[in-house]
Each structure stands twice: as structure tokens, then as C-alpha cells.
file input_23.tsv (TSV, C-alpha atoms)
chain	number	residue	atom	x	y	z
E	126	SER	CA	38.89	-35.31	-25.70
E	127	HIS	CA	38.04	-31.97	-27.32
E	128	PHE	CA	34.30	-32.70	-27.24
E	129	TRP	CA	34.08	-34.31	-23.81
E	130	LEU	CA	36.47	-32.08	-21.92
E	131	HIS	CA	37.90	-29.02	-23.61
E	132	ARG	CA	34.70	-27.60	-25.14
E	133	ARG	CA	32.63	-28.14	-22.03
E	134	LEU	CA	35.31	-26.73	-19.77
E	135	ARG	CA	35.40	-23.64	-21.96
E	136	HIS	CA	31.63	-23.47	-21.66
E	137	LEU	CA	31.93	-23.74	-17.89
E	138	GLN	CA	34.52	-20.97	-17.91
E	139	SER	CA	32.16	-18.77	-19.95
E	140	ILE	CA	29.30	-19.33	-17.52
E	141	LEU	CA	31.50	-18.42	-14.57
E	142	HIS	CA	32.61	-15.29	-16.41
E	143	GLN	CA	28.95	-14.37	-16.92
E	144	VAL	CA	28.31	-14.83	-13.22
E	145	ARG	CA	31.26	-12.61	-12.34
E	146	THR	CA	30.35	-9.85	-14.82
E	147	HIS	CA	26.55	-10.19	-14.42
E	148	GLU	CA	26.16	-10.84	-18.16
E	149	PHE	CA	23.78	-13.73	-17.71
E	150	ASP	CA	22.35	-13.78	-21.23
E	151	ALA	CA	25.63	-13.82	-23.13
E	152	GLN	CA	25.77	-17.60	-23.58
E	153	PRO	CA	23.08	-20.20	-24.31
E	154	PRO	CA	22.23	-22.46	-21.33
E	155	PRO	CA	23.38	-26.11	-21.19
E	156	SER	CA	20.98	-28.71	-22.55
E	157	GLY	CA	20.23	-30.04	-19.06
E	158	PRO	CA	21.63	-32.11	-16.16
E	159	HIS	CA	22.06	-35.20	-18.30
E	160	GLY	CA	25.10	-37.33	-19.04
E	161	ASP	CA	28.26	-37.46	-16.96
E	162	GLU	CA	29.40	-35.49	-13.93
E	163	LEU	CA	30.71	-32.60	-16.03
E	164	SER	CA	27.30	-32.09	-17.63
E	165	THR	CA	25.73	-32.02	-14.19
E	166	LEU	CA	28.34	-29.48	-13.04
E	167	LEU	CA	27.64	-27.27	-16.08
E	168	TRP	CA	23.94	-27.35	-15.34
E	169	GLU	CA	24.38	-26.58	-11.63
E	170	VAL	CA	26.67	-23.63	-12.36
E	171	HIS	CA	24.14	-22.33	-14.87
E	172	ARG	CA	21.32	-22.66	-12.31
E	173	THR	CA	23.46	-20.84	-9.76
E	174	GLY	CA	23.91	-18.01	-12.24
E	175	GLN	CA	20.14	-17.84	-12.78
E	176	SER	CA	19.53	-17.66	-9.03
E	177	LEU	CA	22.11	-14.91	-8.67
E	178	GLN	CA	20.54	-13.01	-11.54
E	179	THR	CA	17.13	-13.14	-9.82
E	180	GLU	CA	18.58	-12.05	-6.48
E	181	ILE	CA	20.56	-9.20	-8.03
E	182	GLN	CA	17.44	-7.97	-9.87
E	183	GLU	CA	15.46	-8.08	-6.63
E	184	LEU	CA	18.21	-6.15	-4.82
E	185	LYS	CA	18.20	-3.49	-7.54
E	186	GLU	CA	14.43	-3.16	-7.29
E	187	MET	CA	14.61	-2.93	-3.51
E	188	GLU	CA	17.31	-0.26	-3.73
E	189	SER	CA	15.24	1.70	-6.23
E	190	TYR	CA	12.20	1.35	-3.98
E	191	ARG	CA	14.25	2.45	-0.95
E	192	ARG	CA	15.49	5.58	-2.73
E	193	GLU	CA	11.98	6.42	-3.90
E	194	PHE	CA	10.56	5.80	-0.44
E	195	ILE	CA	13.14	8.01	1.28
E	196	GLY	CA	12.55	10.71	-1.30
E	197	ASN	CA	8.78	10.53	-0.77
E	198	VAL	CA	9.07	10.65	3.01
E	199	SER	CA	11.44	13.63	2.79
E	200	HIS	CA	9.06	15.43	0.46
E	201	GLU	CA	6.06	14.75	2.70
E	202	LEU	CA	7.98	16.04	5.73
E	203	LYS	CA	9.30	19.22	4.12
E	204	THR	CA	5.97	20.97	3.53
E	205	PRO	CA	4.59	20.83	7.09
E	206	ILE	CA	8.02	21.45	8.67
E	207	PHE	CA	8.67	24.52	6.51
E	208	SER	CA	5.13	25.75	7.19
E	209	VAL	CA	5.52	25.38	10.96
E	210	GLN	CA	8.90	27.14	10.83
E	211	GLY	CA	7.53	29.97	8.71
E	212	PHE	CA	4.48	30.65	10.85
E	213	ALA	CA	6.51	30.40	14.09
E	214	GLU	CA	9.15	32.82	12.81
E	215	THR	CA	6.44	35.26	11.70
E	216	LEU	CA	4.86	35.12	15.16
E	217	LEU	CA	8.22	35.71	16.85
E	218	ASP	CA	8.92	38.64	14.53
E	219	GLY	CA	5.93	40.53	15.95
E	220	ALA	CA	2.78	38.85	14.64
E	221	LEU	CA	2.28	37.23	18.06
E	222	ASN	CA	0.96	40.55	19.34
E	223	ASP	CA	-1.28	41.10	16.32
E	224	GLU	CA	-4.67	39.72	17.32
E	225	SER	CA	-5.89	39.75	13.72
E	226	VAL	CA	-3.42	37.02	12.66
E	227	ASN	CA	-1.88	35.34	15.72
E	228	ARG	CA	-4.70	32.85	16.31
E	229	THR	CA	-4.88	32.00	12.60
E	230	PHE	CA	-1.15	31.30	12.49
E	231	LEU	CA	-1.32	29.13	15.59
E	232	GLU	CA	-4.18	27.12	14.08
E	233	LYS	CA	-2.10	26.57	10.93
E	234	ILE	CA	0.88	25.44	13.02
E	235	LEU	CA	-1.38	22.96	14.80
E	236	HIS	CA	-2.77	21.75	11.45
E	237	HIS	CA	0.68	21.00	10.07
E	238	ALA	CA	1.81	19.43	13.37
E	239	ASN	CA	-1.19	17.10	13.10
E	240	ARG	CA	-0.11	16.24	9.55
E	241	LEU	CA	3.31	15.23	10.85
E	242	ASP	CA	1.70	13.17	13.61
E	243	ASN	CA	-0.59	11.40	11.12
E	244	LEU	CA	2.34	10.66	8.83
E	245	ALA	CA	4.42	9.19	11.67
E	246	HIS	CA	1.47	7.09	12.84
E	247	ASP	CA	0.75	5.74	9.34
E	248	LEU	CA	4.40	4.88	8.74
E	249	SER	CA	4.53	3.09	12.09
E	250	THR	CA	1.38	1.11	11.23
E	251	ILE	CA	2.74	-0.07	7.88
E	252	THR	CA	6.09	-1.03	9.42
E	253	LYS	CA	4.42	-3.07	12.14
E	254	ILE	CA	2.22	-4.92	9.66
E	255	GLU	CA	5.14	-5.69	7.33
E	256	THR	CA	7.31	-6.97	10.19
E	257	ASP	CA	4.46	-9.02	11.73
E	258	GLU	CA	4.60	-6.92	14.89
E	259	LEU	CA	0.92	-6.01	14.64
E	260	ASP	CA	-1.14	-8.77	16.24
E	261	MET	CA	-4.37	-9.56	14.41
E	262	SER	CA	-7.37	-10.85	16.36
E	263	ASN	CA	-10.00	-13.20	14.93
E	264	GLU	CA	-13.31	-12.12	16.41
E	265	ALA	CA	-16.88	-12.38	15.17
E	266	PHE	CA	-18.90	-9.19	14.69
E	267	LYS	CA	-21.83	-7.78	12.76
E	268	VAL	CA	-21.18	-5.82	9.60
E	269	THR	CA	-23.54	-3.10	10.85
E	270	GLU	CA	-21.25	-2.62	13.86
E	271	LEU	CA	-18.29	-2.11	11.52
E	272	PHE	CA	-20.25	0.31	9.34
E	273	ASP	CA	-21.49	2.32	12.34
E	274	ALA	CA	-17.95	2.63	13.77
E	275	ALA	CA	-16.52	3.79	10.44
E	276	ILE	CA	-19.26	6.35	9.82
E	277	GLU	CA	-18.87	7.73	13.33
E	278	SER	CA	-15.13	8.25	12.72
E	279	VAL	CA	-15.71	10.35	9.57
E	280	GLU	CA	-18.74	12.23	10.86
E	281	VAL	CA	-17.05	15.63	11.03
E	282	ARG	CA	-15.62	15.48	7.49
E	283	ALA	CA	-18.95	14.21	6.16
E	284	GLU	CA	-20.81	17.14	7.72
E	285	GLU	CA	-18.32	19.60	6.22
E	286	LYS	CA	-19.06	18.22	2.72
E	287	GLY	CA	-22.82	17.90	3.30
E	288	ILE	CA	-22.63	14.12	2.81
E	289	THR	CA	-24.50	11.52	4.85
E	290	PRO	CA	-23.06	8.01	4.29
E	291	GLN	CA	-25.81	5.42	3.88
E	292	GLN	CA	-25.83	1.69	4.71
E	293	THR	CA	-27.34	-1.20	2.79
E	294	VAL	CA	-27.13	-4.41	4.83
E	295	PRO	CA	-29.46	-7.44	4.49
E	296	PRO	CA	-31.24	-8.18	7.79
E	297	ASP	CA	-30.21	-11.86	7.84
E	298	LEU	CA	-26.52	-11.26	7.06
E	299	PRO	CA	-24.30	-13.61	9.12
E	300	ARG	CA	-21.49	-12.35	11.32
E	301	VAL	CA	-18.04	-11.99	9.80
E	302	TYR	CA	-14.62	-12.74	11.28
E	303	GLY	CA	-11.46	-10.68	11.51
E	304	ASP	CA	-9.73	-7.98	13.52
E	305	PHE	CA	-12.49	-5.45	14.18
E	306	ASP	CA	-10.22	-2.49	14.98
E	307	ARG	CA	-7.97	-3.04	11.95
E	308	LEU	CA	-10.92	-3.55	9.61
E	309	ARG	CA	-12.54	-0.42	11.03
E	310	ARG	CA	-9.35	1.41	9.99
E	311	VAL	CA	-9.72	-0.07	6.50
E	312	LEU	CA	-13.31	1.09	6.19
E	313	VAL	CA	-12.57	4.51	7.69
E	314	ASN	CA	-9.83	5.10	5.10
E	315	LEU	CA	-12.12	4.03	2.24
E	316	VAL	CA	-15.11	6.08	3.42
E	317	ASP	CA	-12.90	9.08	4.19
E	318	ASN	CA	-11.52	8.99	0.63
E	319	ALA	CA	-15.03	8.63	-0.79
E	320	ILE	CA	-16.00	11.81	1.06
E	321	LYS	CA	-12.79	13.76	0.34
E	322	TYR	CA	-12.91	13.17	-3.41
E	323	ASN	CA	-16.60	13.86	-3.78
E	324	GLU	CA	-18.58	16.96	-4.52
E	325	GLU	CA	-20.61	18.89	-1.97
E	326	GLY	CA	-23.77	16.94	-1.18
E	327	GLY	CA	-22.57	13.80	-2.99
E	328	THR	CA	-23.50	10.27	-2.02
E	329	VAL	CA	-21.45	7.60	-0.25
E	330	GLN	CA	-22.93	4.14	0.15
E	331	LEU	CA	-21.67	1.31	2.38
E	332	GLU	CA	-23.00	-2.01	1.11
E	333	ALA	CA	-22.78	-5.63	2.23
E	334	ALA	CA	-23.93	-8.78	0.45
E	335	LEU	CA	-23.57	-12.50	1.12
E	336	GLN	CA	-21.57	-14.48	-1.47
E	337	ALA	CA	-21.35	-18.21	-0.65
E	338	ASP	CA	-19.35	-18.36	2.62
E	339	GLU	CA	-18.13	-14.76	2.40
E	340	VAL	CA	-19.57	-11.29	2.79
E	341	GLU	CA	-18.59	-8.67	0.24
E	342	ILE	CA	-18.10	-5.15	1.61
E	343	ARG	CA	-18.42	-2.25	-0.83
E	344	VAL	CA	-17.84	1.49	-0.49
E	345	VAL	CA	-19.45	3.26	-3.45
E	346	ASP	CA	-19.44	6.97	-4.25
E	347	ASP	CA	-20.46	9.28	-7.09
E	348	GLY	CA	-17.39	11.47	-6.82
E	349	ILE	CA	-14.69	12.56	-9.24
E	350	GLY	CA	-13.62	9.00	-10.09
E	351	ILE	CA	-10.19	7.72	-11.04
E	352	SER	CA	-8.59	7.38	-14.46
E	353	PRO	CA	-7.86	3.75	-15.49
E	354	ASP	CA	-4.11	4.39	-15.81
E	355	HIS	CA	-3.95	5.26	-12.09
E	356	LEU	CA	-5.79	2.20	-10.79
E	357	PRO	CA	-2.82	-0.26	-10.77
E	358	ARG	CA	-0.76	2.05	-8.53
E	359	LEU	CA	-3.45	3.25	-6.11
E	360	THR	CA	-2.19	1.20	-3.14
E	361	GLU	CA	1.47	2.22	-3.51
E	362	ARG	CA	2.91	4.26	-0.68
E	363	PHE	CA	2.64	8.01	-1.28
E	364	TYR	CA	1.05	7.54	-4.70
E	365	ARG	CA	-1.44	10.30	-5.36
E	366	VAL	CA	-3.79	10.68	-8.31
E	367	ASP	CA	-4.01	14.44	-7.74
E	368	LYS	CA	-1.01	15.49	-5.66
E	369	SER	CA	-2.04	19.07	-4.91
E	370	ARG	CA	-5.62	18.19	-4.06
E	371	SER	CA	-4.58	15.26	-1.86
E	372	ARG	CA	-2.24	17.38	0.22
E	373	ASN	CA	-4.83	20.15	0.54
E	374	GLN	CA	-7.24	17.56	1.91
E	375	GLY	CA	-4.69	16.61	4.58
E	376	GLY	CA	-3.90	13.08	3.46
E	377	THR	CA	-0.55	11.39	4.07
E	378	GLY	CA	-0.57	9.34	0.86
E	379	LEU	CA	-0.46	6.13	2.92
E	380	GLY	CA	-4.16	5.43	3.47
E	381	LEU	CA	-4.71	2.89	0.70
E	382	ALA	CA	-1.30	1.30	1.35
E	383	ILE	CA	-2.45	0.64	4.91
E	384	VAL	CA	-5.74	-0.75	3.58
E	385	LYS	CA	-3.83	-3.12	1.31
E	386	HIS	CA	-1.55	-4.32	4.13
E	387	ILE	CA	-4.34	-4.88	6.65
E	388	LEU	CA	-6.44	-6.80	4.13
E	389	GLY	CA	-3.34	-8.76	3.13
E	390	ALA	CA	-2.86	-9.76	6.78
E	391	HIS	CA	-6.43	-11.12	6.59
E	392	ASP	CA	-5.63	-12.96	3.33
E	393	ARG	CA	-7.93	-10.55	1.48
E	394	GLU	CA	-7.49	-8.20	-1.47
E	395	LEU	CA	-8.82	-4.76	-2.31
E	396	HIS	CA	-10.60	-4.43	-5.66
E	397	VAL	CA	-11.36	-1.10	-7.31
E	398	GLU	CA	-13.66	-0.08	-10.14
E	399	SER	CA	-13.90	3.56	-11.16
E	400	VAL	CA	-15.09	5.81	-13.95
E	401	PRO	CA	-13.84	9.42	-14.13
E	402	GLU	CA	-16.53	11.97	-13.24
E	403	GLU	CA	-18.96	9.18	-12.32
E	404	GLY	CA	-17.58	7.64	-9.15
E	405	SER	CA	-15.71	4.70	-7.64
E	406	ALA	CA	-16.39	1.40	-5.89
E	407	PHE	CA	-13.90	-0.19	-3.48
E	408	ARG	CA	-14.68	-3.73	-2.36
E	409	PHE	CA	-13.26	-6.63	-0.37
E	410	THR	CA	-14.61	-9.77	1.26
E	411	LEU	CA	-14.68	-11.07	4.82
E	412	PRO	CA	-15.19	-14.71	5.88
E	413	THR	CA	-18.21	-15.97	7.79
E	414	SER	CA	-16.09	-18.50	9.67
E	415	PRO	CA	-12.84	-18.15	11.70
E	416	GLN	CA	-9.62	-18.04	9.71
E	417	PRO	CA	-6.71	-20.20	10.93
E	418	SER	CA	-4.15	-17.67	9.67
E	419	LEU	CA	-5.26	-15.14	12.29
E	420	GLN	CA	-4.74	-15.29	16.03
E	421	PRO	CA	-7.97	-16.09	17.92
E	422	ALA	CA	-9.45	-13.20	19.83

call {"tool": "encode", "arguments": {"input": "input_23.tsv", "output": "C-alpha cells"}}
result
Amino acid sequence: SHFWLHRRLRHLQSILHQVRTHEFDAQPPPSGPHGDELSTLLWEVHRTGQSLQTEIQELKEMESYRREFIGNVSHELKTPIFSVQGFAETLLDGALNDESVNRTFLEKILHHANRLDNLAHDLSTITKIETDELDMSNEAFKVTELFDAAIESVEVRAEEKGITPQQTVPPDLPRVYGDFDRLRRVLVNLVDNAIKYNEEGGTVQLEAALQADEVEIRVVDDGIGISPDHLPRLTERFYRVDKSRSRNQGGTGLGLAIVKHILGAHDRELHVESVPEEGSAFRFTLPTSPQPSLQPA
């Protein structure tokens, strides 16, 4: 009676106490769902405790992520808002009539207003992708068309840095499939970063190569590079390798997060290789046949 009932009931009571107090590792687990009904009950209660432990851990991580996300958004908003307020107040205090500074202050207000607009747009894009509200098409297009569209979008920044992005595309490369506009956004973000974090007159290369039934897309630069300890966190929201430099360049800290999400919606991954002071290479693949996971164009 002590072995078959009392001891196992006490064990069951201990497991339930663990579940209530979240002390899931205090007692050893049952041997398994073998034997009579009480053994099965012990095992099921233990499994329930394990499931609760996993869910509680996930909730804690989500809460931590939420707090960090809200803190990051607040921080990103403060700088442009305070700048706009400061320049506007200075203009109202008399600088509006000073022709030597009024235009400069207005240009700075516009710059920070554009930063706020870019941040709101990027946040909206990520939210739509995560909630499946952003429809993805599945059209065929040439890689050269994608490269041309991306280079055209970063033309102004490239000219400012004295950089002319180059293309290397085999002449017989097959068409690839995906959402052209979203993938253009991916490539624009990658090329824009390659230009921003490069030296004056540096090189940025857009490359494509056939690999079996896929085409690998690469964006290669000879810029400042990235330290290995930063690589695992590059695609996190608001993560910046060099915070001051990133903000001075006008970035929102969401560019690579958007890249990750768009590629994820295409069942693709972003891969990064980088050597500090030598440069970086960002690459991903695109299929040469339609993908059933995407909506047809």
C-alpha cells in the first residue's frame, strides 16, 4: 500500500507543488507512462509541468523582448523629436528672421522629420510581414532588372561617397522567382549599407551565380567590415554595430531586420561573412522555379 499508493501520491503532490511554484527542477521526473493508471497520471502531470515551464519561459522572453523593443523605439524617437523641437523653438525665438541660419534650421527640421517618417514606415513594414498582412507575389524576373532597380534607388548616396556599384551577372543566367518589389527593398538595404559603411571611393559589387536550381545573390564591399561578435545579432531590430555612426548616416536600425523578414517570407535566409577593415559579403539565394509558399503574381 505504501509503495503503490502513498509514495506515488506524495510524488504527485510534489509535482503539483512544483507546477504551482514554478520550481520545475526540484524533483526527478517519473520513470515513464508505464504500469497502472496512477503511473500514467504521474507522467501526464509531469508532462503538463514541462509544457507550462516552456510556455512560461517563452512568455518571459517575449516580455523582455517587448520591454527592450519599446525602449529602443522610444530612444529612436527622442533624438529627432527633440531636434525638431529645439530648431523650431530657436526659429520662433528670433532666428526665423536671421537669413544666415533660418534655412539651415529648416533643412535640419526636414531631415529629422524624414527620419521619423522612415522609422514609422519601417516599423509598419515589419509588422505587416510578421502578421502576414503583406501579400507576396511570385513573379519571374531577370536578376539584372533587380540589380538595376536597386542601384537606381541608391544613386544619390553612391555619388556622395564617390562609389559606383558594379554588376557581375552571367549572360545565360535563368530568371528567378519571388516578389520583385520586396526583393528590391532587400537589395536596396544591403547595397545602401555597403555604401554607408564604406570609405570614399570604395567598391561595391553586386554578383549573381547559378547554383543547381537556385541563383545566389551577393553584395560585396571593401568597407570597414564587421567584428565577428556582432554578426549573430546583425538582423535584430535596432541593433547597431556603431550606434553613433549609424544614426549620423540616417539609418533607423531596422534595415537588416526587414531584410531578414522579407527573405523569411520567401523561405530564404541571409548569410553574412565579414572581416574588420577588409569588407563584408551579404548573400542569399532565389529559386529558378515558382515557389508554392508564395501567392502567384

call {"tool": "atom_distance", "arguments": {"input": "input_23.tsv", "atom1": "CA of Leu216 in chain E", "atom2": "CA of Arg240 in chain E"}}
result
20.3 Å

call {"tool": "closest_residue", "arguments": {"input": "input_23.tsv", "among": "E:Gly389, E:Gly219, E:Pro296, E:Pro417", "to": "Thr269 in chain E", "atoms": "all atoms listed in the file"}}
result
E:Pro296

call {"tool": "residues_around", "arguments": {"input": "input_23.tsv", "residues": "Leu308 in chain E", "least_positions_apart": "5", "cutoff": "9 Å", "atoms": "all atoms listed in the file", "output": "number ranges by chain"}}
result
E: 271, 303, 313, 384, 387-388

call {"tool": "residues_near_point", "arguments": {"input": "input_23.tsv", "point": "(1.5, -4.8, 5.9)", "cutoff": "7 Å", "atoms": "all atoms listed in the file", "output": "PyMOL selection string"}}
result
chain E and resi 251-252+254-255+383+386-387+389-390

call {"tool": "residues_around", "arguments": {"input": "input_23.tsv", "residues": "Gln336 in chain E", "least_positions_apart": "3", "cutoff": "10 Å", "atoms": "only C-alpha atoms", "output": "PyMOL selection string"}}
result
chain E and resi 333+339-341+410-413

call {"tool": "atom_distance", "arguments": {"input": "input_23.tsv", "atom1": "CA of Arg393 in chain E", "atom2": "CA of Thr360 in chain E"}}
result
13.9 Å

call {"tool": "atom_distance", "arguments": {"input": "input_23.tsv", "atom1": "CA of Gln175 in chain E", "atom2": "CA of His136 in chain E"}}
result
15.6 Å

call {"tool": "closest_residue", "arguments": {"input": "input_23.tsv", "among": "E:Glu224, E:Asp247, E:Glu361, E:Asp347", "to": "Pro401 in chain E", "atoms": "only C-alpha atoms"}}
result
E:Asp347

call {"tool": "closest_residue", "arguments": {"input": "input_23.tsv", "among": "E:Leu137, E:Gln416, E:Ser249, E:Ala220", "to": "Trp168 in chain E", "atoms": "all atoms listed in the file"}}
result
E:Leu137

call {"tool": "residues_near_point", "arguments": {"input": "input_23.tsv", "point": "(-9.1, 2.1, 7.4)", "cutoff": "10 Å", "atoms": "all atoms listed in the file", "output": "JSON, numbers by chain"}}
result
{"E": [275, 306, 307, 308, 309, 310, 311, 312, 313, 314, 315, 316, 317, 318, 380, 381, 382, 383, 384, 385, 387, 388]}

call {"tool": "write_last_selection", "arguments": {"input": "input_23.tsv", "atoms": "C-alpha atoms", "output": "PDB file, in the coordinates of the input"}}
result
ATOM      1  CA  ALA E 275     -16.520   3.790  10.440  1.00  0.00           C
ATOM      2  CA  ASP E 306     -10.220  -2.490  14.980  1.00  0.00           C
ATOM      3  CA  ARG E 307      -7.970  -3.040  11.950  1.00  0.00           C
ATOM      4  CA  LEU E 308     -10.920  -3.550   9.610  1.00  0.00           C
ATOM      5  CA  ARG E 309     -12.540  -0.420  11.030  1.00  0.00           C
ATOM      6  CA  ARG E 310      -9.350   1.410   9.990  1.00  0.00           C
ATOM      7  CA  VAL E 311      -9.720  -0.070   6.500  1.00  0.00           C
ATOM      8  CA  LEU E 312     -13.310   1.090   6.190  1.00  0.00           C
ATOM      9  CA  VAL E 313     -12.570   4.510   7.690  1.00  0.00           C
ATOM     10  CA  ASN E 314      -9.830   5.100   5.100  1.00  0.00           C
ATOM     11  CA  LEU E 315     -12.120   4.030   2.240  1.00  0.00           C
ATOM     12  CA  VAL E 316     -15.110   6.080   3.420  1.00  0.00           C
ATOM     13  CA  ASP E 317     -12.900   9.080   4.190  1.00  0.00           C
ATOM     14  CA  ASN E 318     -11.520   8.990   0.630  1.00  0.00           C
ATOM     15  CA  GLY E 380      -4.160   5.430   3.470  1.00  0.00           C
ATOM     16  CA  LEU E 381      -4.710   2.890   0.700  1.00  0.00           C
ATOM     17  CA  ALA E 382      -1.300   1.300   1.350  1.00  0.00           C
ATOM     18  CA  ILE E 383      -2.450   0.640   4.910  1.00  0.00           C
ATOM     19  CA  VAL E 384      -5.740  -0.750   3.580  1.00  0.00           C
ATOM     20  CA  LYS E 385      -3.830  -3.120   1.310  1.00  0.00           C
ATOM     21  CA  ILE E 387      -4.340  -4.880   6.650  1.00  0.00           C
ATOM     22  CA  LEU E 388      -6.440  -6.800   4.130  1.00  0.00           C
TER      23      LEU E 388
END

call {"tool": "residues_around", "arguments": {"input": "input_23.tsv", "residues": "Glu403 in chain E", "least_positions_apart": "5", "cutoff": "12 Å", "atoms": "all atoms listed in the file", "output": "VMD selection string"}}
result
chain E and resid 322 to 324 327 to 328 345 to 352 398

call {"tool": "closest_residue", "arguments": {"input": "input_23.tsv", "among": "E:Ile320, E:Met261, E:Leu167, E:Ile234", "to": "Gly287 in chain E", "atoms": "only C-alpha atoms"}}
result
E:Ile320

call {"tool": "build_atoms", "arguments": {"input": "input_23.tsv", "residues": "range 227-247 of chain E", "atoms": "N, CA and C atoms", "output": "short mmCIF file (atom, residue, chain, number, x, y, z; two decimals), in the frame of the given file"}}
result
data_model
loop_
_atom_site.label_atom_id
_atom_site.label_comp_id
_atom_site.auth_asym_id
_atom_site.auth_seq_id
_atom_site.Cartn_x
_atom_site.Cartn_y
_atom_site.Cartn_z
N ASN E 227 -2.59 36.30 14.87
CA ASN E 227 -1.88 35.34 15.72
C ASN E 227 -2.63 34.02 15.91
N ARG E 228 -3.93 34.08 16.13
CA ARG E 228 -4.70 32.85 16.31
C ARG E 228 -4.73 32.02 15.03
N THR E 229 -4.86 32.72 13.89
CA THR E 229 -4.88 32.00 12.60
C THR E 229 -3.57 31.27 12.37
N PHE E 230 -2.45 31.93 12.67
CA PHE E 230 -1.15 31.30 12.49
C PHE E 230 -0.96 30.11 13.42
N LEU E 231 -1.43 30.24 14.65
CA LEU E 231 -1.32 29.13 15.59
C LEU E 231 -2.17 27.93 15.13
N GLU E 232 -3.33 28.20 14.59
CA GLU E 232 -4.18 27.12 14.08
C GLU E 232 -3.51 26.41 12.90
N LYS E 233 -2.81 27.19 12.06
CA LYS E 233 -2.10 26.57 10.93
C LYS E 233 -0.92 25.74 11.41
N ILE E 234 -0.22 26.23 12.45
CA ILE E 234 0.88 25.44 13.02
C ILE E 234 0.34 24.13 13.56
N LEU E 235 -0.78 24.18 14.26
CA LEU E 235 -1.38 22.96 14.80
C LEU E 235 -1.80 22.02 13.68
N HIS E 236 -2.34 22.58 12.60
CA HIS E 236 -2.77 21.75 11.45
C HIS E 236 -1.59 20.98 10.87
N HIS E 237 -0.48 21.67 10.66
CA HIS E 237 0.68 21.00 10.07
C HIS E 237 1.35 20.05 11.07
N ALA E 238 1.29 20.36 12.36
CA ALA E 238 1.81 19.43 13.37
C ALA E 238 0.98 18.15 13.36
N ASN E 239 -0.33 18.29 13.19
CA ASN E 239 -1.19 17.10 13.10
C ASN E 239 -0.87 16.28 11.85
N ARG E 240 -0.52 16.96 10.76
CA ARG E 240 -0.11 16.24 9.55
C ARG E 240 1.13 15.39 9.81
N LEU E 241 2.09 15.98 10.51
CA LEU E 241 3.31 15.23 10.85
C LEU E 241 2.98 14.04 11.75
N ASP E 242 2.09 14.25 12.71
CA ASP E 242 1.70 13.17 13.61
C ASP E 242 1.00 12.05 12.85
N ASN E 243 0.11 12.41 11.92
CA ASN E 243 -0.59 11.40 11.12
C ASN E 243 0.38 10.61 10.25
N LEU E 244 1.35 11.32 9.68
CA LEU E 244 2.34 10.66 8.83
C LEU E 244 3.17 9.67 9.64
N ALA E 245 3.62 10.08 10.82
CA ALA E 245 4.42 9.19 11.67
C ALA E 245 3.59 7.98 12.09
N HIS E 246 2.34 8.19 12.42
CA HIS E 246 1.47 7.09 12.84
C HIS E 246 1.24 6.11 11.70
N ASP E 247 0.99 6.62 10.49
CA ASP E 247 0.75 5.74 9.34
C ASP E 247 2.00 4.94 8.99
#
